[in-house]
Amino acid sequence: MSHSINKKQIVIYSDDSSVRATIVAALGRRIAADLPEHAIHEFATGPALRAFVDDASPVDLFILDAESAPEGGLGIARTLKDEVFNCPPVLVITGRAQDSWLAAWSLAEASIVHPIDPFTLAHSAAQLLRGTKLISAQS
């Protein structure tokens with residue numbers, strides 16, 4: 001019997017495999033004791049992420065790298081919020097703290113900045129998975 005049904009489904013988007021690896025390491029197998037384990041789905045391209053979403057695959061949280069190229073995570077976040085009914089929460093990772101206004105434009109529920117602090121990332125992700133609204137985890 002598969003237990004993946006009960007797991008939180010987390011989508012990670014970055015064109016940089018080292019950024020994806022850092023996020024995966026920060027999240028571990030379980031973000032917090034009060035949350036179930038999670039399954040991680042990694043995407044390096046916008047089209048692959050959209051195909052996953054278009055297949056109506058369950059998602060509990062999106063973590064998107066704003067610094068990805070050619071398609072940044074902020075634009076993808078905005079598209080998801082505009083096009084996905086009851087879109088799950090989005091956490092964006094921006095290049096600079098001064099980019100927090102861009103995170104707000106993208107309609108993301110939370111943002112952190114590069115370089116990724118594993119504790120801040122895990123804490124922000126846990127809060128979003130609990131349904132807590134965040135504006136910016138870092139200033």
# chains A, B, ... in the order shown; residues from 1 in each chain; ligands from 1
$ residues_around --residues "region 59-62 of chain A" --least-positions-apart "2" --cutoff "6 Å" --atoms "only C-alpha atoms" --output "ChimeraX atom specification"
/A:8-11,88-90
$ write_last_selection --atoms "N, CA and C atoms" --output "PDB file, in the first residue's frame"
ATOM      1  N   LYS A   8       2.577  15.326   1.901  1.00  0.00           N
ATOM      2  CA  LYS A   8       2.450  16.642   1.291  1.00  0.00           C
ATOM      3  C   LYS A   8       3.250  16.630  -0.014  1.00  0.00           C
ATOM      4  N   GLN A   9       2.703  17.211  -1.053  1.00  0.00           N
ATOM      5  CA  GLN A   9       3.338  17.233  -2.371  1.00  0.00           C
ATOM      6  C   GLN A   9       3.961  18.617  -2.589  1.00  0.00           C
ATOM      7  N   ILE A  10       5.287  18.642  -2.705  1.00  0.00           N
ATOM      8  CA  ILE A  10       6.016  19.896  -2.850  1.00  0.00           C
ATOM      9  C   ILE A  10       6.685  19.928  -4.221  1.00  0.00           C
ATOM     10  N   VAL A  11       6.436  21.008  -4.961  1.00  0.00           N
ATOM     11  CA  VAL A  11       7.043  21.206  -6.270  1.00  0.00           C
ATOM     12  C   VAL A  11       8.166  22.230  -6.139  1.00  0.00           C
ATOM     13  N   PRO A  88      -2.310  26.351  -4.773  1.00  0.00           N
ATOM     14  CA  PRO A  88      -1.603  26.137  -3.507  1.00  0.00           C
ATOM     15  C   PRO A  88      -0.656  27.301  -3.214  1.00  0.00           C
ATOM     16  N   PRO A  89      -0.168  27.403  -1.989  1.00  0.00           N
ATOM     17  CA  PRO A  89       0.756  28.494  -1.662  1.00  0.00           C
ATOM     18  C   PRO A  89       2.060  28.399  -2.453  1.00  0.00           C
ATOM     19  N   VAL A  90       2.641  29.579  -2.673  1.00  0.00           N
ATOM     20  CA  VAL A  90       3.884  29.696  -3.425  1.00  0.00           C
ATOM     21  C   VAL A  90       4.920  30.414  -2.561  1.00  0.00           C
TER      22      VAL A  90
END
$ residues_around --residues "Gly95 (chain A)" --least-positions-apart "6" --cutoff "7 Å" --atoms "only C-alpha atoms" --output "PyMOL selection string"
chain A and resi 67+113-114
$ write_last_selection --atoms "C-alpha atoms" --output "PDB file, in the first residue's frame"
ATOM      1  CA  GLU A  67      16.648  33.624 -10.599  1.00  0.00           C
ATOM      2  CA  VAL A 113      16.497  35.455  -0.609  1.00  0.00           C
ATOM      3  CA  HIS A 114      19.559  33.758  -2.074  1.00  0.00           C
TER       4      HIS A 114
END
$ residues_around --residues "Asp16 (chain A)" --least-positions-apart "4" --cutoff "12 Å" --atoms "only C-alpha atoms" --output "ChimeraX atom specification"
/A:12,20-23,42-45,64-70,72-73
$ select_by_dssp --residues "region 29-65 of chain A" --states "strand (DSSP E or B)" --output "list in words"
His38, Ala39, Ile40, His41, Glu42, Phe43, Leu61, Phe62, Ile63, Leu64 and Asp65 of chain A
$ write_last_selection --atoms "N, CA and C atoms" --output "short mmCIF file (atom, residue, chain, number, x, y, z; two decimals), in the first residue's frame"
data_model
loop_
_atom_site.label_atom_id
_atom_site.label_comp_id
_atom_site.auth_asym_id
_atom_site.auth_seq_id
_atom_site.Cartn_x
_atom_site.Cartn_y
_atom_site.Cartn_z
N HIS A 38 6.79 14.40 3.19
CA HIS A 38 6.43 14.99 1.90
C HIS A 38 7.14 14.27 0.76
N ALA A 39 6.56 14.44 -0.41
CA ALA A 39 7.17 13.98 -1.66
C ALA A 39 7.57 15.24 -2.42
N ILE A 40 8.76 15.21 -3.02
CA ILE A 40 9.27 16.37 -3.74
C ILE A 40 9.30 16.06 -5.23
N HIS A 41 8.82 17.03 -6.00
CA HIS A 41 8.83 16.93 -7.46
C HIS A 41 9.69 18.08 -7.97
N GLU A 42 10.82 17.75 -8.62
CA GLU A 42 11.75 18.77 -9.08
C GLU A 42 11.59 19.04 -10.57
N PHE A 43 11.65 20.32 -10.91
CA PHE A 43 11.56 20.72 -12.32
C PHE A 43 12.62 21.75 -12.63
N LEU A 61 2.45 22.75 -2.12
CA LEU A 61 3.33 23.91 -2.02
C LEU A 61 4.23 23.98 -3.24
N PHE A 62 4.38 25.20 -3.78
CA PHE A 62 5.34 25.47 -4.84
C PHE A 62 6.50 26.26 -4.24
N ILE A 63 7.74 25.85 -4.56
CA ILE A 63 8.93 26.62 -4.20
C ILE A 63 9.63 26.94 -5.51
N LEU A 64 9.67 28.23 -5.86
CA LEU A 64 10.12 28.65 -7.18
C LEU A 64 11.31 29.59 -7.09
N ASP A 65 12.33 29.33 -7.89
CA ASP A 65 13.54 30.15 -7.92
C ASP A 65 13.34 31.31 -8.90
#
$ residues_around --residues "Arg78 (chain A)" --least-positions-apart "6" --cutoff "9 Å" --atoms "only C-alpha atoms" --output "PyMOL selection string"
chain A and resi 105-108
$ closest_residue --among "A:Ser18, A:Ile76, A:Gln98, A:Lys7" --to "Pro58 (chain A)" --atoms "only C-alpha atoms"
A:Lys7
$ atom_distance --atom1 "CA of Ile112 (chain A)" --atom2 "CA of Ser124 (chain A)"
8.4 Å
$ closest_residue --among "A:Leu102, A:Ala122, A:Val84, A:Val24" --to "Asp55 (chain A)" --atoms "only C-alpha atoms"
A:Val84
$ residues_around --residues "His123 (chain A)" --least-positions-apart "4" --cutoff "10 Å" --atoms "only C-alpha atoms" --output "PyMOL selection string"
chain A and resi 26-27+31-32+118-119+127-129+137
$ write_last_selection --atoms "N, CA and C atoms" --output "mmCIF file, in the first residue's frame"
data_model
loop_
_atom_site.group_PDB
_atom_site.id
_atom_site.type_symbol
_atom_site.label_atom_id
_atom_site.label_comp_id
_atom_site.auth_asym_id
_atom_site.auth_seq_id
_atom_site.Cartn_x
_atom_site.Cartn_y
_atom_site.Cartn_z
ATOM 1 N N ALA A 26 17.301 21.167 2.661
ATOM 2 C CA ALA A 26 16.698 21.989 3.717
ATOM 3 C C ALA A 26 15.361 21.409 4.178
ATOM 4 N N LEU A 27 14.612 20.816 3.251
ATOM 5 C CA LEU A 27 13.294 20.284 3.586
ATOM 6 C C LEU A 27 13.378 18.927 4.281
ATOM 7 N N ILE A 31 9.353 18.344 7.194
ATOM 8 C CA ILE A 31 9.742 19.714 7.515
ATOM 9 C C ILE A 31 9.594 20.000 9.006
ATOM 10 N N ALA A 32 8.530 19.480 9.604
ATOM 11 C CA ALA A 32 8.265 19.748 11.014
ATOM 12 C C ALA A 32 7.546 18.548 11.621
ATOM 13 N N PRO A 118 18.810 27.343 5.089
ATOM 14 C CA PRO A 118 17.963 26.155 5.235
ATOM 15 C C PRO A 118 16.901 26.279 6.322
ATOM 16 N N PHE A 119 17.244 26.890 7.463
ATOM 17 C CA PHE A 119 16.273 27.028 8.543
ATOM 18 C C PHE A 119 15.116 27.931 8.117
ATOM 19 N N GLN A 127 5.224 26.815 7.609
ATOM 20 C CA GLN A 127 4.132 27.756 7.874
ATOM 21 C C GLN A 127 3.108 27.726 6.734
ATOM 22 N N LEU A 128 3.581 27.703 5.497
ATOM 23 C CA LEU A 128 2.671 27.683 4.353
ATOM 24 C C LEU A 128 1.888 26.375 4.302
ATOM 25 N N LEU A 129 2.548 25.258 4.606
ATOM 26 C CA LEU A 129 1.851 23.970 4.592
ATOM 27 C C LEU A 129 0.808 23.894 5.709
ATOM 28 N N ALA A 137 9.546 36.197 4.568
ATOM 29 C CA ALA A 137 10.249 35.530 5.656
ATOM 30 C C ALA A 137 11.538 36.262 6.002
#
$ atom_distance --atom1 "CA of Leu49 (chain A)" --atom2 "CA of Gly75 (chain A)"
12.7 Å
$ atom_distance --atom1 "CA of Ser14 (chain A)" --atom2 "CA of Glu37 (chain A)"
22.0 Å
